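In what follows, a structure is listed as structure tokens, so that the remarks can point back to it.
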Amino acid sequence: MSATPATKTADVLIVGGGPAGSSAAYQLAKQGVDVLVVEKQQMPRYKTCGGGVNVRAARLLPFDLDPVIERTIYRYRFTYRGERSFTRESPEPLTYMTQRMNLDKYLLDQAQEAGARVAENITIRKVIMADDHAGVTIDNGDVYQARVIAGADGANSVVARELSLTEGVQREIALESEIALSADEIAAWNDTIEIDLFSVWCGYGWVFPKEKHISIGVGGPKADIKRIQEYNKRYLEHHQVADLKPLRFSGHGLPVRANHLPVVSRRGLLVGDAAGLLEPFTGEGIGNAIKSGQIAAETIRAYLQGKADSLDAYNARLNAEVMPDLWDAQQFVRAFNRFPRLFYRLIRDNDYVWQSICKILRGERGFSDINRKLGVFRYAIRLF
């Protein structure tokens, strides 16, 4: 006889234990909400990501990230199509380097210590959406049921697909290798990141140093996958690591949502990469993952307490607090790639421009701020 499927319940079910899901779970659990996080794999698990956490993202968290920070970045080395390198630096930290497998485990541990329950090695098969509850069925037939479900399951979100919330998400792609270096080789990177500009349209290459290895990769529009693959090969050869066996090599989708499209469906909502909240200029997604998780937690708690009739306030807050900057960043990326030599020289030679870039890298200023400073010229940028 086959076992009878079991039903497990919570007030809130969060699918995915990355930065978005863990941030929402932490805040809800701290407020006494019964929250259950289901994660597809056993933590720590590998996640394709450069692992950069900007200063704003770190400040959003109510606890210290020091246990998982491997390097603090003060300098960026820029190259133009693999050549003409120059280095710019800042007296303040620009980015913190982590390994996503360690970062995600650490964030989920904080949520669990706050009172969230965690179930790992759970594969979601179907999302249930009823008038009085939401939930999922998993691969063994068991059901996880809650009053609200949050999809935090990344770029290829099952929850987003099941809730028909994938429309309007632009897909980019990243290819990344993790390559171990000798102590002397890794020391040469110290507090420096490399960014290669304009080798492909609307794409870039990067080298992010960790404690004992580098993450080296390239990204760009998914429609240009063949060019991205060729670029990746050239970039590895340029850094003389093409013949080294990588610790890991992987590809990953980078989702960018179109402005004002919904991320809420009845008793469900999306956070982080599942909601397409990647910032398209820097490729940074961790900050918006954390912020969206925190906004979701506040919205869900109000809904559970009967202070709101729906979760629609989450859509409204994302549209007001997150999406304007992502939309403006998309416009800026187009202009940036239309005039490569101009922007390359401005970053290299103009201190005011570099200070503005520093504030963007740290997350202290957004592209909406830049548009306001441009005034009427912002309309010219949107023509591109």
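Quick note on naming: the chains in the structure tokens go A, B, ... in the order shown, residues restart at 1 in each chain, and ligands are numbered from 1 in order of appearance.
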| query | What lies within 12 Å of A:Gln240 using only C-alpha atoms, ignoring chain neighbours under 4 positions off, as a list in words? | reply |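 Here the answer would be Ile179, Leu181, Glu185, Ile216, Lys233, Arg234, Tyr235, Leu236, Leu244 and Lys245 of chain A.
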Those residues with N, CA and C atoms, as a tab-separated table (two decimals), in the first residue's frame please?
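Saved to out.tsv:
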```
chain	number	residue	atom	x	y	z
A	179	ILE	N	37.65	29.50	-10.43
A	179	ILE	CA	38.96	28.93	-10.70
A	179	ILE	C	39.90	29.19	-9.53
A	181	LEU	N	43.29	29.72	-7.57
A	181	LEU	CA	44.58	30.31	-7.89
A	181	LEU	C	45.54	30.08	-6.73
A	185	GLU	N	48.92	34.41	-6.72
A	185	GLU	CA	48.03	34.88	-7.79
A	185	GLU	C	46.78	35.55	-7.22
A	216	ILE	N	35.07	34.22	-12.49
A	216	ILE	CA	35.30	34.93	-13.75
A	216	ILE	C	34.19	34.56	-14.72
A	233	LYS	N	34.89	32.39	-23.83
A	233	LYS	CA	36.12	31.69	-24.21
A	233	LYS	C	37.28	32.67	-24.33
A	234	ARG	N	37.06	33.80	-25.02
A	234	ARG	CA	38.11	34.79	-25.18
A	234	ARG	C	38.55	35.38	-23.85
A	235	TYR	N	37.58	35.61	-22.97
A	235	TYR	CA	37.88	36.26	-21.69
A	235	TYR	C	38.72	35.34	-20.80
A	236	LEU	N	38.40	34.06	-20.80
A	236	LEU	CA	39.20	33.10	-20.04
A	236	LEU	C	40.61	33.02	-20.60
A	244	LEU	N	42.91	25.89	-17.21
A	244	LEU	CA	42.78	25.41	-15.84
A	244	LEU	C	41.40	24.79	-15.63
A	245	LYS	N	41.36	23.69	-14.92
A	245	LYS	CA	40.09	23.04	-14.65
A	245	LYS	C	39.32	23.85	-13.61
```
| said: Report as a VMD selection string all protein, DNA and RNA residues lying within 8 Å of stretch 91-101 of chain A, evaluated on only C-alpha atoms, omitting residues in the same chain fewer than 2 positions from it. | reply: chain A and resid 43 to 55 68 to 75 89 103 to 105 208 to 210 358 361 to 362
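Using only C-alpha atoms for every distance, the candidate list A:Ser177, A:Asn315, A:Thr123, A:Ser356 yields A:Ser177 as the residue closest to A:His213.
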| request: Using only C-alpha atoms, find the one residue out of A:Glu176, A:Ala223, A:Leu304, A:Phe281 that sits nearest to A:Phe332. | output: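 Nearest to A:Phe332: A:Phe281.
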| task | Find the spatial neighbours of stretch 12-14 of chain A, counting only C-alpha atoms, within a cut-off of 8 Å - ignore same-chain residues fewer than 3 positions away - and output them as a ChimeraX atom specification. | result | /A:17,21,25,33-38,135,144-152
| Using only C-alpha atoms, which of A:Ser199, A:Gln27, A:Ser265, A:Thr282 sits nearest A:Val333? | A:Thr282
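Nearest residue to A:Asn232, choosing from A:Ile360, A:Leu247, A:Ile286, A:Val200 and counting only C-alpha atoms: A:Val200.
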| field | Distance of atom CA of A:Arg267 from atom CA of A:Leu311, expressed in Å to one decimal place | value |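 Between atom CA of A:Leu311 and atom CA of A:Arg267 the gap works out to 7.0 Å.
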| message | Among stretch 221-347 of chain A, which residues does DSSP mark as helix (DSSP H, G or I) when it is run on the backbone? Keep the chain and numbering as in the structure and answer as a PyMOL selection string. | response | chain A and resi 222-238+272-275+286-304+312-321+323-338+340-347
| message | Considering only strand (DSSP E or B) as DSSP defines it on the backbone, what residues of stretch 114-182 of chain A qualify? List them as a ChimeraX atom specification. | response | /A:117-119,124-129,134-138,143-146,148-151,169-180
| said: Here is a test: counting only C-alpha atoms, which residue of A:His238, A:His252, A:Arg161, A:Arg334 is nearest to A:Gly203? | reply: A:Arg334
Give me the residues near A:Asn319 as a CSV table (one decimal) with N, CA and C atoms, in the first residue's frame, where near means some atom within 12 Å (using only C-alpha atoms) and where sequence neighbours in that chain fewer than 6 positions away do not count.
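Result saved to part_13.csv:
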```
chain,number,residue,atom,x,y,z
A,257,ARG,N,12.4,42.4,-14.9
A,257,ARG,CA,10.9,42.6,-15.2
A,257,ARG,C,10.6,44.0,-15.8
A,258,ALA,N,9.7,43.9,-16.7
A,258,ALA,CA,9.2,45.2,-17.3
A,258,ALA,C,8.4,46.0,-16.2
A,259,ASN,N,8.4,47.3,-16.4
A,259,ASN,CA,7.8,48.2,-15.4
A,259,ASN,C,6.4,47.9,-15.1
A,260,HIS,N,6.0,47.8,-13.9
A,260,HIS,CA,4.6,47.8,-13.4
A,260,HIS,C,3.9,46.5,-13.7
A,261,LEU,N,4.5,45.5,-14.2
A,261,LEU,CA,3.8,44.2,-14.4
A,261,LEU,C,3.6,43.6,-13.0
A,262,PRO,N,2.5,42.9,-12.8
A,262,PRO,CA,2.1,42.3,-11.5
A,262,PRO,C,3.0,41.2,-11.0
A,263,VAL,N,3.2,41.2,-9.7
A,263,VAL,CA,3.9,40.1,-9.0
A,263,VAL,C,3.1,39.5,-7.9
A,275,ALA,N,10.8,37.6,-9.0
A,275,ALA,CA,10.0,38.7,-9.4
A,275,ALA,C,10.7,39.5,-10.5
A,277,LEU,N,13.8,41.2,-10.3
A,277,LEU,CA,14.2,42.4,-9.8
A,277,LEU,C,15.7,42.7,-9.9
A,292,SER,N,12.9,43.4,-1.4
A,292,SER,CA,11.6,42.9,-1.7
A,292,SER,C,11.1,41.9,-0.7
A,295,ILE,N,9.8,44.0,2.2
A,295,ILE,CA,8.5,44.6,1.8
A,295,ILE,C,7.4,43.6,1.8
A,312,ASP,N,-2.2,43.3,-2.7
A,312,ASP,CA,-1.9,44.3,-3.7
A,312,ASP,C,-1.0,45.4,-3.3
A,313,ALA,N,-1.0,45.7,-2.0
A,313,ALA,CA,-0.1,46.7,-1.5
A,313,ALA,C,1.4,46.4,-1.8
A,325,ASP,N,13.7,52.7,-10.4
A,325,ASP,CA,15.1,52.7,-10.6
A,325,ASP,C,15.5,51.6,-11.6
A,326,LEU,N,14.9,50.5,-11.6
A,326,LEU,CA,15.2,49.4,-12.6
A,326,LEU,C,14.9,49.9,-14.0
A,327,TRP,N,13.7,50.6,-14.1
A,327,TRP,CA,13.3,51.0,-15.4
A,327,TRP,C,14.3,52.1,-15.9
```
